[in-house]
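Engineer: mmCIF, C-alpha atoms (C1' of nucleotides), file work.cif:
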data_upload
#
loop_
_atom_site.label_atom_id
_atom_site.label_comp_id
_atom_site.auth_asym_id
_atom_site.auth_seq_id
_atom_site.Cartn_x
_atom_site.Cartn_y
_atom_site.Cartn_z
CA MET U 1 -28.71 184.09 163.23
CA LYS U 2 -25.01 183.42 163.67
CA THR U 3 -23.08 185.06 166.47
CA PRO U 4 -21.48 188.44 165.78
CA ASP U 5 -18.08 186.75 165.39
CA GLU U 6 -19.41 184.15 163.02
CA LEU U 7 -21.12 186.84 160.99
CA ALA U 8 -17.87 188.78 160.80
CA SER U 9 -16.17 185.71 159.37
CA ALA U 10 -19.02 185.09 156.99
CA PHE U 11 -18.85 188.66 155.75
CA ARG U 12 -15.10 188.50 155.20
CA ALA U 13 -15.47 185.16 153.46
CA ALA U 14 -17.98 186.76 151.15
CA GLY U 15 -15.57 189.59 150.33
CA LEU U 16 -17.50 192.04 152.45
CA LYS U 17 -15.84 194.20 155.04
CA VAL U 18 -16.43 194.12 158.75
CA THR U 19 -16.95 197.71 159.82
CA PRO U 20 -17.72 199.04 163.30
CA GLN U 21 -21.23 199.86 162.12
CA ARG U 22 -21.85 196.32 161.00
CA GLN U 23 -20.38 194.87 164.17
CA LEU U 24 -22.69 197.03 166.23
CA LEU U 25 -25.71 195.89 164.27
CA PHE U 26 -24.64 192.24 164.46
CA ARG U 27 -24.51 192.65 168.22
CA LEU U 28 -27.84 194.44 168.50
CA LEU U 29 -29.54 191.81 166.42
CA HIS U 30 -28.05 188.74 168.04
CA GLY U 31 -30.66 187.06 170.17
CA ASN U 32 -32.98 189.99 169.59
CA GLU U 33 -36.59 188.86 169.86
CA MET U 34 -38.16 192.28 169.38
CA HIS U 35 -38.70 191.95 165.62
CA PRO U 36 -37.48 195.51 165.16
CA THR U 37 -38.05 197.72 162.15
CA ALA U 38 -35.07 199.40 160.51
CA GLU U 39 -36.02 202.63 162.26
CA THR U 40 -36.31 200.99 165.69
CA LEU U 41 -32.95 199.34 165.32
CA TYR U 42 -31.49 202.61 164.15
CA ASP U 43 -32.70 204.37 167.29
CA VAL U 44 -30.91 201.85 169.46
CA ALA U 45 -27.81 201.93 167.29
CA VAL U 46 -27.55 205.71 167.33
CA ALA U 47 -27.52 205.67 171.12
CA GLU U 48 -24.35 203.60 171.02
CA MET U 49 -22.83 205.08 167.90
CA PRO U 50 -23.93 208.61 167.25
CA GLY U 51 -23.50 209.34 163.58
CA ILE U 52 -24.43 205.93 162.22
CA SER U 53 -26.94 206.51 159.46
CA LEU U 54 -30.34 205.01 158.87
CA ARG U 55 -29.14 204.28 155.35
CA THR U 56 -26.46 201.99 156.72
CA VAL U 57 -28.95 200.17 158.90
CA TYR U 58 -31.14 199.50 155.88
CA GLN U 59 -28.14 198.41 153.88
CA THR U 60 -26.88 195.99 156.51
CA LEU U 61 -30.31 194.54 157.17
CA THR U 62 -30.77 193.94 153.47
CA ASP U 63 -27.35 192.30 153.24
CA LEU U 64 -28.12 190.00 156.16
CA ALA U 65 -31.50 189.09 154.74
CA THR U 66 -29.92 188.31 151.38
CA MET U 67 -27.38 186.06 153.11
CA GLY U 68 -30.23 184.30 154.85
CA GLU U 69 -29.14 185.37 158.31
CA LEU U 70 -32.28 187.37 158.87
CA GLN U 71 -35.92 186.91 158.07
CA GLN U 72 -37.78 189.91 156.74
CA ILE U 73 -41.44 190.12 157.76
CA GLN U 74 -43.99 192.20 155.86
CA LEU U 75 -47.07 193.00 157.85
CA GLY U 76 -48.04 196.34 156.44
CA GLY U 77 -46.15 199.43 157.52
CA ALA U 78 -42.41 199.15 158.02
CA ALA U 79 -40.75 195.78 157.44
CA ARG U 80 -39.67 193.88 160.53
CA PHE U 81 -36.52 191.88 160.85
CA ASP U 82 -36.13 188.63 162.72
CA PRO U 83 -32.69 187.18 163.46
CA ASN U 84 -34.37 183.89 164.31
CA VAL U 85 -34.09 181.90 161.10
CA ASP U 86 -35.33 178.65 162.56
CA ASP U 87 -38.44 177.26 160.93
CA HIS U 88 -41.06 179.26 162.75
CA HIS U 89 -43.97 181.61 162.31
CA HIS U 90 -45.40 184.74 163.91
CA SER U 91 -48.26 186.11 165.94
CA VAL U 92 -49.23 189.76 165.66
CA CYS U 93 -51.35 191.57 168.20
CA THR U 94 -53.82 193.77 166.37
CA ALA U 95 -54.04 196.03 169.42
CA CYS U 96 -50.42 196.77 170.27
CA GLY U 97 -48.65 195.46 167.19
CA GLU U 98 -46.33 193.17 169.12
CA VAL U 99 -44.86 190.36 167.06
CA ARG U 100 -43.83 187.08 168.63
CA ASP U 101 -42.35 183.84 167.41
CA VAL U 102 -44.65 180.87 167.15
CA TYR U 103 -43.62 177.29 166.51
CA VAL U 104 -45.86 175.04 164.49
CA THR U 105 -45.46 171.29 164.40
CA ASP U 106 -47.34 168.78 162.29
CA ALA U 107 -47.50 171.42 159.58
CA ASP U 108 -47.00 168.56 157.13
CA ALA U 109 -50.36 167.20 158.22
CA ILE U 110 -52.28 169.86 156.37
CA SER U 111 -53.71 169.30 152.92
CA VAL U 112 -53.33 172.01 150.38
CA ALA U 113 -55.53 172.52 147.33
CA GLY U 114 -54.92 174.93 144.52
CA LEU U 115 -51.16 174.75 144.29
CA ASP U 116 -51.44 173.19 140.82
CA GLY U 117 -47.77 172.62 140.22
CA PHE U 118 -46.61 175.58 142.29
CA SER U 119 -43.35 174.56 143.93
CA VAL U 120 -43.30 175.81 147.50
CA GLN U 121 -40.05 177.12 148.94
CA THR U 122 -41.40 178.59 152.16
CA ALA U 123 -44.72 178.66 153.95
CA ARG U 124 -45.21 181.39 156.48
CA ILE U 125 -48.11 181.63 158.87
CA VAL U 126 -49.17 184.85 160.56
CA PHE U 127 -51.60 184.57 163.44
CA SER U 128 -53.48 187.80 164.07
CA GLY U 129 -55.36 188.39 167.27
CA THR U 130 -54.98 189.77 170.74
CA CYS U 131 -52.04 189.23 173.03
CA PRO U 132 -52.71 188.38 176.68
CA ARG U 133 -51.62 191.80 177.86
CA CYS U 134 -53.99 193.68 175.54
CA ALA U 135 -56.80 191.23 176.31
CA SER U 136 -56.55 191.97 180.02
CA ALA U 137 -56.22 195.68 179.32
CA VAL U 138 -59.61 195.54 177.58
CA ASP U 139 -61.12 193.62 180.49
CA ALA U 140 -59.92 196.29 182.88
CA MET U 141 -61.36 199.11 180.79
CA PRO U 142 -64.58 200.78 181.82
CA ALA U 143 -67.45 200.00 179.47
CA VAL U 144 -67.60 202.29 176.49
CA LYS U 145 -70.82 203.41 174.88
CA GLN U 146 -70.98 202.91 171.13
CA MET M 30 -67.55 189.26 148.20
CA LYS M 31 -71.21 190.03 147.70
CA THR M 32 -72.59 190.79 144.25
CA PRO M 33 -72.55 194.42 143.10
CA ASP M 34 -76.28 194.69 143.86
CA GLU M 35 -75.89 193.20 147.30
CA LEU M 36 -73.03 195.55 148.00
CA ALA M 37 -75.16 198.51 146.92
CA SER M 38 -77.81 197.48 149.43
CA ALA M 39 -75.22 196.93 152.12
CA PHE M 40 -73.77 200.37 151.51
CA ARG M 41 -77.18 202.05 151.66
CA ALA M 42 -78.03 200.09 154.79
CA ALA M 43 -74.85 201.40 156.34
CA GLY M 44 -75.78 204.97 155.48
CA LEU M 45 -73.23 205.11 152.68
CA LYS M 46 -74.11 206.27 149.21
CA VAL M 47 -73.98 204.24 146.05
CA THR M 48 -72.15 206.33 143.50
CA PRO M 49 -71.28 205.41 139.91
CA GLN M 50 -67.64 205.16 140.95
CA ARG M 51 -68.45 202.67 143.64
CA GLN M 52 -70.71 200.67 141.37
CA LEU M 53 -67.95 200.42 138.82
CA LEU M 54 -65.48 199.21 141.41
CA PHE M 55 -67.97 196.71 142.82
CA ARG M 56 -68.32 195.33 139.34
CA LEU M 57 -64.59 195.22 138.62
CA LEU M 58 -63.92 193.43 141.88
CA HIS M 59 -66.71 190.89 141.71
CA GLY M 60 -65.25 187.51 140.92
CA ASN M 61 -61.88 189.10 140.31
CA GLU M 62 -59.11 186.61 141.04
CA MET M 63 -56.22 188.86 140.05
CA HIS M 64 -55.48 190.13 143.54
CA PRO M 65 -55.07 193.63 142.13
CA THR M 66 -53.33 196.53 143.80
CA ALA M 67 -55.16 199.84 144.10
CA GLU M 68 -53.16 201.13 141.17
CA THR M 69 -53.93 198.13 138.98
CA LEU M 70 -57.61 198.40 139.69
CA TYR M 71 -57.46 202.12 139.01
CA ASP M 72 -55.95 201.50 135.58
CA VAL M 73 -58.85 199.26 134.64
CA ALA M 74 -61.40 201.63 136.17
CA VAL M 75 -60.06 204.66 134.31
CA ALA M 76 -60.51 202.86 131.02
CA GLU M 77 -64.23 202.60 131.72
CA MET M 78 -64.67 205.83 133.59
CA PRO M 79 -62.12 208.47 132.62
CA GLY M 80 -61.84 210.92 135.45
CA ILE M 81 -62.24 208.52 138.34
CA SER M 82 -59.46 209.22 140.75
CA LEU M 83 -56.95 206.94 142.37
CA ARG M 84 -57.96 208.53 145.64
CA THR M 85 -61.48 207.21 145.24
CA VAL M 86 -60.22 203.74 144.46
CA TYR M 87 -58.19 203.73 147.67
CA GLN M 88 -61.16 205.06 149.58
CA THR M 89 -63.56 202.45 148.29
CA LEU M 90 -61.13 199.60 148.77
CA THR M 91 -60.58 200.68 152.35
CA ASP M 92 -64.32 200.91 152.93
CA LEU M 93 -64.88 197.43 151.54
CA ALA M 94 -62.05 196.00 153.59
CA THR M 95 -63.46 197.62 156.73
CA MET M 96 -66.85 196.09 155.98
CA GLY M 97 -65.20 192.72 155.61
CA GLU M 98 -66.10 192.39 151.94
CA LEU M 99 -62.49 192.39 150.87
CA GLN M 100 -59.30 190.92 152.21
CA GLN M 101 -56.23 193.11 152.16
CA ILE M 102 -52.96 191.27 151.59
CA GLN M 103 -49.58 192.73 152.57
CA LEU M 104 -46.68 191.11 150.81
CA GLY M 105 -44.26 194.00 150.57
CA GLY M 106 -44.81 196.68 147.97
CA ALA M 107 -48.35 197.79 147.27
CA ALA M 108 -51.20 196.14 149.15
CA ARG M 109 -53.27 193.66 147.22
CA PHE M 110 -57.00 193.22 147.50
CA ASP M 111 -58.89 189.96 147.36
CA PRO M 112 -62.68 189.92 146.98
CA ASN M 113 -62.61 186.25 147.98
CA VAL M 114 -63.35 186.31 151.69
CA ASP M 115 -63.71 182.57 152.09
CA ASP M 116 -61.30 180.97 154.49
CA HIS M 117 -58.30 180.60 152.25
CA HIS M 118 -54.64 181.42 151.85
CA HIS M 119 -52.23 182.53 149.15
CA SER M 120 -49.29 181.48 147.06
CA VAL M 121 -46.86 184.06 145.70
CA CYS M 122 -44.47 183.40 142.87
CA THR M 123 -41.12 184.94 143.71
CA ALA M 124 -40.33 185.20 140.01
CA CYS M 125 -43.38 186.89 138.51
CA GLY M 126 -45.20 188.02 141.64
CA GLU M 127 -48.44 186.30 140.76
CA VAL M 128 -50.73 185.69 143.72
CA ARG M 129 -53.18 182.81 143.74
CA ASP M 130 -55.72 181.47 146.16
CA VAL M 131 -54.85 178.32 148.03
CA TYR M 132 -57.21 176.24 150.14
CA VAL M 133 -55.92 174.48 153.19
CA THR M 134 -57.84 171.78 154.98
CA ASP M 135 -56.96 169.99 158.19
CA ALA M 136 -55.41 173.22 159.36
CA ASP M 137 -56.81 172.38 162.79
CA ALA M 138 -54.49 169.38 162.85
CA ILE M 139 -51.42 171.50 163.44
CA SER M 140 -50.00 172.05 166.90
CA VAL M 141 -48.91 175.50 167.84
CA ALA M 142 -46.39 176.37 170.52
CA GLY M 143 -45.61 179.83 171.81
CA LEU M 144 -49.06 181.36 171.68
CA ASP M 145 -49.08 181.64 175.49
CA GLY M 146 -52.58 183.00 175.90
CA PHE M 147 -52.61 184.83 172.58
CA SER M 148 -56.15 184.65 171.24
CA VAL M 149 -56.08 183.98 167.51
CA GLN M 150 -58.62 185.71 165.28
CA THR M 151 -57.14 184.80 161.91
CA ALA M 152 -54.30 182.65 160.66
CA ARG M 153 -52.99 183.41 157.23
CA ILE M 154 -50.54 181.32 155.32
CA VAL M 155 -48.41 182.59 152.47
CA PHE M 156 -46.66 180.04 150.33
CA SER M 157 -43.67 181.48 148.48
CA GLY M 158 -42.07 179.67 145.61
CA THR M 159 -42.21 179.29 141.86
CA CYS M 160 -45.33 179.03 139.79
CA PRO M 161 -45.49 176.39 137.03
CA ARG M 162 -45.17 178.99 134.28
CA CYS M 163 -42.00 180.53 135.71
CA ALA M 164 -40.57 177.09 136.48
CA SER M 165 -40.90 176.04 132.85
CA ALA M 166 -39.58 179.39 131.69
CA VAL M 167 -36.40 178.69 133.65
CA ASP M 168 -36.16 175.20 132.15
CA ALA M 169 -36.39 176.68 128.70
CA MET M 170 -33.69 179.26 129.38
CA PRO M 171 -30.19 178.72 128.06
CA ALA M 172 -27.68 178.02 130.82
CA VAL M 173 -26.24 181.14 132.34
CA LYS M 174 -22.71 181.39 133.62
CA GLN M 175 -22.39 182.71 137.14
"C1'" DT V 27 -89.97 218.26 140.86
"C1'" DT V 28 -87.28 220.84 143.96
"C1'" DG V 29 -84.62 221.61 148.08
"C1'" DT V 30 -81.64 220.06 151.54
"C1'" DT V 31 -77.72 217.95 153.38
"C1'" DA V 32 -74.74 214.34 154.69
"C1'" DG V 33 -71.72 211.89 152.41
"C1'" DT V 34 -68.51 211.60 148.26
"C1'" DT V 35 -65.18 212.74 144.81
"C1'" DC V 36 -61.08 214.72 143.27
"C1'" DG V 37 -56.66 216.88 143.12
"C1'" DC V 38 -53.04 218.08 145.57
"C1'" DA V 39 -50.00 218.09 149.24
"C1'" DA V 40 -48.02 215.63 152.86
"C1'" DG V 41 -46.37 211.49 155.14
"C1'" DA V 42 -44.07 207.04 155.78
"C1'" DA V 43 -40.91 203.63 154.12
"C1'" DT V 44 -37.32 202.58 151.16
"C1'" DT V 45 -33.81 203.07 147.61
"C1'" DG V 46 -30.38 205.48 144.32
"C1'" DC V 47 -26.54 208.20 144.04
"C1'" DA V 48 -22.06 210.52 144.68
"C1'" DG V 49 -18.39 211.97 147.27
"C1'" DA V 50 -15.70 211.13 151.35
"C1'" DC V 51 -13.95 207.48 153.98
"C1'" DT V 52 -11.74 202.95 155.48
"C1'" DA V 53 -10.89 197.77 156.13
"C1'" DG V 54 -7.82 194.66 154.82
"C1'" DG V 55 -4.52 192.75 151.76
"C1'" DA V 56 0.01 193.72 149.16
"C1'" DT K 3 2.57 202.23 154.55
"C1'" DC K 4 -0.01 202.24 150.35
"C1'" DC K 5 -3.81 201.02 147.48
"C1'" DT K 6 -8.30 200.02 146.27
"C1'" DA K 7 -12.56 197.71 146.48
"C1'" DG K 8 -15.96 198.17 149.26
"C1'" DT K 9 -18.57 201.16 152.72
"C1'" DC K 10 -20.71 205.10 154.96
"C1'" DT K 11 -23.33 209.14 155.01
"C1'" DG K 12 -26.55 212.69 153.59
"C1'" DC K 13 -29.65 213.89 150.47
"C1'" DA K 14 -32.73 213.45 146.78
"C1'" DA K 15 -35.92 210.61 144.55
"C1'" DT K 16 -39.43 207.00 144.48
"C1'" DT K 17 -43.31 204.36 145.84
"C1'" DC K 18 -47.40 203.72 148.32
"C1'" DT K 19 -50.89 205.74 151.06
"C1'" DT K 20 -53.51 209.19 153.58
"C1'" DG K 21 -55.21 214.05 155.02
"C1'" DC K 22 -57.58 217.95 153.60
"C1'" DG K 23 -60.77 221.26 151.51
"C1'" DA K 24 -63.70 222.78 147.90
"C1'" DA K 25 -66.92 221.30 144.63
"C1'" DC K 26 -70.27 217.92 143.77
"C1'" DT K 27 -74.23 214.58 144.25
"C1'" DA K 28 -77.18 210.55 146.05
"C1'" DA K 29 -80.99 210.03 148.63
"C1'" DC K 30 -84.62 211.49 151.24
"C1'" DA K 31 -88.46 214.74 152.35
"C1'" DA K 32 -91.68 218.15 151.08
#
Go through the file and emit its structure as structure tokens.
Structural biologist:
Amino acid sequence: MKTPDELASAFRAAGLKVTPQRQLLFRLLHGNEMHPTAETLYDVAVAEMPGISLRTVYQTLTDLATMGELQQIQLGGAARFDPNVDDHHHSVCTACGEVRDVYVTDADAISVAGLDGFSVQTARIVFSGTCPRCASAVDAMPAVKQ
Amino acid sequence: MKTPDELASAFRAAGLKVTPQRQLLFRLLHGNEMHPTAETLYDVAVAEMPGISLRTVYQTLTDLATMGELQQIQLGGAARFDPNVDDHHHSVCTACGEVRDVYVTDADAISVAGLDGFSVQTARIVFSGTCPRCASAVDAMPAVKQ
DNA sequence: TTGTTAGTTCGCAAGAATTGCAGACTAGGA
DNA sequence: TCCTAGTCTGCAATTCTTGCGAACTAACAA
């Protein structure tokens, strides 16, 4: 994602206004690797700007996603937003729900069957499994009877 | 997914009952490549069994997914269900929303960075783009002024 | 065949996530 | 400073899904 200043310019260039609410969200998102939901981001935003509405957070996130400054990730439950728009993918821990960025190289090496003329714009990979922290938490747990 | 008869046995073996509603759904799902939502499947089911409830469809789909007989796909909007539990992936047309199965080989060839001890259980790829039908529909459309 | 009961179905209400709307407000140019 | 297109907020509405309880029934035993 662009820097807050660059986003401000981009918004003005697009005929959109740069409001304090938007500036706050630009700042909270920049470099953010938490893959927040709208609600999560709202919680943080409210702490800095009491009175900002969840509606505005949704609106701004949607705007940014439409402009391609944000990647929207659907994993079931609330959508997550990722300011990292580099070509990358995600891992999701099925235990704690944490989402992390994953970089895949040699993706061109794979062979795909069944596309039958389908023209691919994006290919997104989601790795599901257990993050190191949750894996060690299980190890540390006392045995549980089934 | 197993055949309806095999599913019936599996359900009984698991201490679950085989009701007419479930048998109908087993049948509607078997070999189904439509990737239906719960609602879509319900519409078809009601036609054959007036009175079956959407609640039961959700319940049965959840049961099947828990048993691993069904893959649940989250793409935003309603969840889709895929009785094909082979190792495969999906393409989604951004124009018409159609979901199709896609088979990827040599997937092991890719290199992944950033997993950092994350233990992968499943990797799912979603290809987004335009299906042949929608692509040709666009070609056939008169030019539109922006 | 009948009785028993654990599991199921159904309808409704509730919950979570998201969007539509309208009135008050304001950024940014004239 | 004024004007106005665009924005913000709160609320209602919508969509998708799940919780719950009463009525029902598959499946097993007698």
Engineer: Pick from M:Gly106, M:Gly126, M:Gly80, M:Gly60: nearest to chain K, with all atoms listed in the file counted?
Structural biologist: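 Ranked by minimum distance to chain K, first place goes to M:Gly106.
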Engineer: Per residue of chain M within 9 Å of chain U, record the nearest atom pair and its distance in Å to one decimal, counting only C-alpha atoms, with rows in chain order and ascending residue number, as a Markdown table.
Structural biologist:
| residue | atom | partner | partner_atom | distance |
| --- | --- | --- | --- | --- |
| M:Ile102 | CA | U:Gly76 | CA | 8.6 |
| M:Gln103 | CA | U:Gly76 | CA | 5.5 |
| M:Leu104 | CA | U:Gln74 | CA | 5.8 |
| M:Gly105 | CA | U:Gln74 | CA | 5.6 |
| M:Ala108 | CA | U:Gly76 | CA | 7.9 |
| M:Ser120 | CA | U:Leu115 | CA | 7.5 |
| M:Cys122 | CA | U:Phe118 | CA | 8.1 |
| M:Arg129 | CA | U:Gly114 | CA | 8.1 |
| M:Asp130 | CA | U:Gly114 | CA | 6.8 |
| M:Val131 | CA | U:Gly114 | CA | 4.9 |
| M:Tyr132 | CA | U:Ala113 | CA | 5.0 |
| M:Val133 | CA | U:Val112 | CA | 4.6 |
| M:Thr134 | CA | U:Ser111 | CA | 5.2 |
| M:Asp135 | CA | U:Ile110 | CA | 5.0 |
| M:Ala136 | CA | U:Ile110 | CA | 5.5 |
| M:Asp137 | CA | U:Ile110 | CA | 8.3 |
| M:Ala138 | CA | U:Ala109 | CA | 6.6 |
| M:Ile139 | CA | U:Asp106 | CA | 5.0 |
| M:Ser140 | CA | U:Thr105 | CA | 5.2 |
| M:Val141 | CA | U:Val104 | CA | 4.6 |
| M:Ala142 | CA | U:Tyr103 | CA | 5.0 |
| M:Gly143 | CA | U:Val102 | CA | 4.9 |
| M:Leu144 | CA | U:Val102 | CA | 6.3 |
| M:Asp145 | CA | U:Pro132 | CA | 7.7 |
| M:Gly146 | CA | U:Pro132 | CA | 5.4 |
| M:Phe147 | CA | U:Cys131 | CA | 4.5 |
| M:Ser148 | CA | U:Thr130 | CA | 5.3 |
| M:Val149 | CA | U:Gly129 | CA | 4.5 |
| M:Gln150 | CA | U:Gly129 | CA | 4.7 |
| M:Thr151 | CA | U:Ser128 | CA | 5.2 |
| M:Ala152 | CA | U:Phe127 | CA | 4.3 |
| M:Arg153 | CA | U:Val126 | CA | 5.3 |
| M:Ile154 | CA | U:Ile125 | CA | 4.3 |
| M:Val155 | CA | U:Arg124 | CA | 5.3 |
| M:Phe156 | CA | U:Ala123 | CA | 4.3 |
| M:Ser157 | CA | U:Thr122 | CA | 5.2 |
| M:Gly158 | CA | U:Val120 | CA | 4.5 |
| M:Thr159 | CA | U:Ser119 | CA | 5.3 |
| M:Cys160 | CA | U:Phe118 | CA | 4.4 |
| M:Pro161 | CA | U:Phe118 | CA | 5.4 |
| M:Arg162 | CA | U:Phe118 | CA | 8.8 |
| M:Ala164 | CA | U:Ser119 | CA | 8.3 |
Engineer: Kindly extract all protein, DNA and RNA residues lying within 9 Å of the coordinates (-79.6, 206.6, 147.3) given in the file, considering all atoms listed in the file, and supply them as a list in words.
Structural biologist: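 Checked against the point, the hits come out as Arg41, Leu45, Lys46, Val47 and Thr48 of chain M; DA28, DA29 and DC30 of chain K.
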Engineer: Evaluated on this file, the PyMOL selection byres ((chain K and resi 3-13) around 8) picks out some residues - which ones are they, written as an NGL selection string?
Structural biologist: (:U and (16-17 or 52-53 or 55-56)) or (:V and (51-52)) or (:K and (14))
Engineer: Mind pulling up the distance from CA of Met49 (chain U) to CA of Asp82 (chain U)?
Structural biologist: 21.8 Å
Engineer: Is it possible to see chain M as a compact mmCIF listing (two decimals) with C-alpha atoms, in the coordinates of the input, once it has been laid onto chain U by a least-squares fit on every C-alpha atom in order?
Structural biologist:
# COMPACT_ATOMS: atom_id res chain seq x y z
CA MET M 30 -28.68 184.10 163.19
CA LYS M 31 -25.00 183.42 163.66
CA THR M 32 -23.06 185.05 166.48
CA PRO M 33 -21.46 188.44 165.79
CA ASP M 34 -18.07 186.75 165.39
CA GLU M 35 -19.42 184.14 163.03
CA LEU M 36 -21.11 186.84 161.01
CA ALA M 37 -17.84 188.77 160.80
CA SER M 38 -16.15 185.70 159.36
CA ALA M 39 -19.01 185.09 156.98
CA PHE M 40 -18.83 188.66 155.76
CA ARG M 41 -15.07 188.49 155.20
CA ALA M 42 -15.46 185.15 153.46
CA ALA M 43 -17.97 186.77 151.15
CA GLY M 44 -15.56 189.57 150.34
CA LEU M 45 -17.49 192.04 152.46
CA LYS M 46 -15.83 194.20 155.05
CA VAL M 47 -16.44 194.14 158.76
CA THR M 48 -16.95 197.72 159.83
CA PRO M 49 -17.72 199.04 163.32
CA GLN M 50 -21.22 199.87 162.14
CA ARG M 51 -21.82 196.33 161.02
CA GLN M 52 -20.35 194.89 164.19
CA LEU M 53 -22.67 197.03 166.25
CA LEU M 54 -25.69 195.90 164.28
CA PHE M 55 -24.63 192.26 164.48
CA ARG M 56 -24.49 192.66 168.22
CA LEU M 57 -27.83 194.45 168.50
CA LEU M 58 -29.54 191.81 166.41
CA HIS M 59 -28.05 188.75 168.04
CA GLY M 60 -30.68 187.08 170.16
CA ASN M 61 -33.00 190.01 169.59
CA GLU M 62 -36.61 188.87 169.82
CA MET M 63 -38.18 192.29 169.33
CA HIS M 64 -38.71 191.96 165.60
CA PRO M 65 -37.48 195.52 165.15
CA THR M 66 -38.04 197.73 162.15
CA ALA M 67 -35.05 199.42 160.53
CA GLU M 68 -36.00 202.62 162.29
CA THR M 69 -36.30 200.98 165.69
CA LEU M 70 -32.94 199.33 165.34
CA TYR M 71 -31.47 202.62 164.18
CA ASP M 72 -32.71 204.36 167.32
CA VAL M 73 -30.91 201.85 169.50
CA ALA M 74 -27.79 201.93 167.32
CA VAL M 75 -27.54 205.72 167.39
CA ALA M 76 -27.52 205.66 171.17
CA GLU M 77 -24.34 203.59 171.07
CA MET M 78 -22.81 205.06 167.97
CA PRO M 79 -23.92 208.63 167.31
CA GLY M 80 -23.47 209.34 163.65
CA ILE M 81 -24.43 205.95 162.28
CA SER M 82 -26.92 206.53 159.54
CA LEU M 83 -30.31 205.03 158.92
CA ARG M 84 -29.10 204.33 155.42
CA THR M 85 -26.42 202.03 156.76
CA VAL M 86 -28.91 200.20 158.93
CA TYR M 87 -31.10 199.54 155.90
CA GLN M 88 -28.08 198.45 153.92
CA THR M 89 -26.84 196.02 156.53
CA LEU M 90 -30.27 194.58 157.18
CA THR M 91 -30.72 193.98 153.47
CA ASP M 92 -27.31 192.34 153.26
CA LEU M 93 -28.09 190.04 156.16
CA ALA M 94 -31.46 189.14 154.73
CA THR M 95 -29.87 188.35 151.37
CA MET M 96 -27.35 186.10 153.10
CA GLY M 97 -30.20 184.32 154.82
CA GLU M 98 -29.11 185.40 158.30
CA LEU M 99 -32.26 187.40 158.85
CA GLN M 100 -35.90 186.95 158.02
CA GLN M 101 -37.76 189.96 156.72
CA ILE M 102 -41.41 190.14 157.73
CA GLN M 103 -43.97 192.23 155.83
CA LEU M 104 -47.07 192.98 157.82
CA GLY M 105 -48.03 196.36 156.43
CA GLY M 106 -46.14 199.44 157.51
CA ALA M 107 -42.40 199.16 157.99
CA ALA M 108 -40.72 195.81 157.41
CA ARG M 109 -39.66 193.92 160.48
CA PHE M 110 -36.50 191.90 160.84
CA ASP M 111 -36.13 188.63 162.69
CA PRO M 112 -32.68 187.21 163.44
CA ASN M 113 -34.37 183.90 164.27
CA VAL M 114 -34.08 181.91 161.06
CA ASP M 115 -35.35 178.65 162.50
CA ASP M 116 -38.46 177.28 160.89
CA HIS M 117 -41.07 179.28 162.71
CA HIS M 118 -44.00 181.63 162.28
CA HIS M 119 -45.42 184.75 163.88
CA SER M 120 -48.28 186.13 165.89
CA VAL M 121 -49.25 189.78 165.62
CA CYS M 122 -51.37 191.58 168.16
CA THR M 123 -53.86 193.78 166.35
CA ALA M 124 -54.05 196.04 169.39
CA CYS M 125 -50.43 196.79 170.24
CA GLY M 126 -48.67 195.46 167.16
CA GLU M 127 -46.35 193.18 169.08
CA VAL M 128 -44.86 190.38 167.01
CA ARG M 129 -43.84 187.10 168.60
CA ASP M 130 -42.37 183.87 167.37
CA VAL M 131 -44.66 180.90 167.11
CA TYR M 132 -43.63 177.31 166.48
CA VAL M 133 -45.86 175.05 164.49
CA THR M 134 -45.44 171.31 164.38
CA ASP M 135 -47.33 168.78 162.31
CA ALA M 136 -47.52 171.40 159.61
CA ASP M 137 -46.99 168.56 157.14
CA ALA M 138 -50.33 167.15 158.24
CA ILE M 139 -52.29 169.81 156.41
CA SER M 140 -53.73 169.21 152.96
CA VAL M 141 -53.39 171.92 150.41
CA ALA M 142 -55.61 172.40 147.38
CA GLY M 143 -55.03 174.82 144.55
CA LEU M 144 -51.26 174.65 144.32
CA ASP M 145 -51.55 173.08 140.84
CA GLY M 146 -47.87 172.50 140.22
CA PHE M 147 -46.72 175.47 142.28
CA SER M 148 -43.45 174.48 143.92
CA VAL M 149 -43.37 175.73 147.50
CA GLN M 150 -40.11 177.07 148.92
CA THR M 151 -41.45 178.54 152.14
CA ALA M 152 -44.77 178.62 153.94
CA ARG M 153 -45.26 181.36 156.46
CA ILE M 154 -48.13 181.63 158.85
CA VAL M 155 -49.21 184.84 160.53
CA PHE M 156 -51.61 184.57 163.42
CA SER M 157 -53.51 187.79 164.05
CA GLY M 158 -55.39 188.38 167.24
CA THR M 159 -55.00 189.78 170.73
CA CYS M 160 -52.06 189.24 173.00
CA PRO M 161 -52.70 188.40 176.67
CA ARG M 162 -51.61 191.85 177.84
CA CYS M 163 -54.00 193.70 175.52
CA ALA M 164 -56.80 191.25 176.30
CA SER M 165 -56.53 191.98 180.02
CA ALA M 166 -56.21 195.69 179.33
CA VAL M 167 -59.59 195.54 177.60
CA ASP M 168 -61.08 193.62 180.52
CA ALA M 169 -59.88 196.29 182.88
CA MET M 170 -61.33 199.10 180.79
CA PRO M 171 -64.57 200.75 181.83
CA ALA M 172 -67.44 199.96 179.47
CA VAL M 173 -67.62 202.28 176.52
CA LYS M 174 -70.84 203.34 174.91
CA GLN M 175 -70.98 202.87 171.17
Engineer: Tell me which residues the PyMOL selection byres ((chain K and resi 24) around 12) grabs here, as a short mmCIF file (atom, residue, chain, number, x, y, z; two decimals) with C-alpha atoms (C1' of nucleotides), keeping the file's coordinate frame.
Structural biologist:
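Output below, filename expr.cif:
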data_model
loop_
_atom_site.label_atom_id
_atom_site.label_comp_id
_atom_site.auth_asym_id
_atom_site.auth_seq_id
_atom_site.Cartn_x
_atom_site.Cartn_y
_atom_site.Cartn_z
"C1'" DT V 35 -65.18 212.74 144.81
"C1'" DC V 36 -61.08 214.72 143.27
"C1'" DG V 37 -56.66 216.88 143.12
"C1'" DC V 38 -53.04 218.08 145.57
"C1'" DC K 22 -57.58 217.95 153.60
"C1'" DG K 23 -60.77 221.26 151.51
"C1'" DA K 25 -66.92 221.30 144.63
"C1'" DC K 26 -70.27 217.92 143.77
#
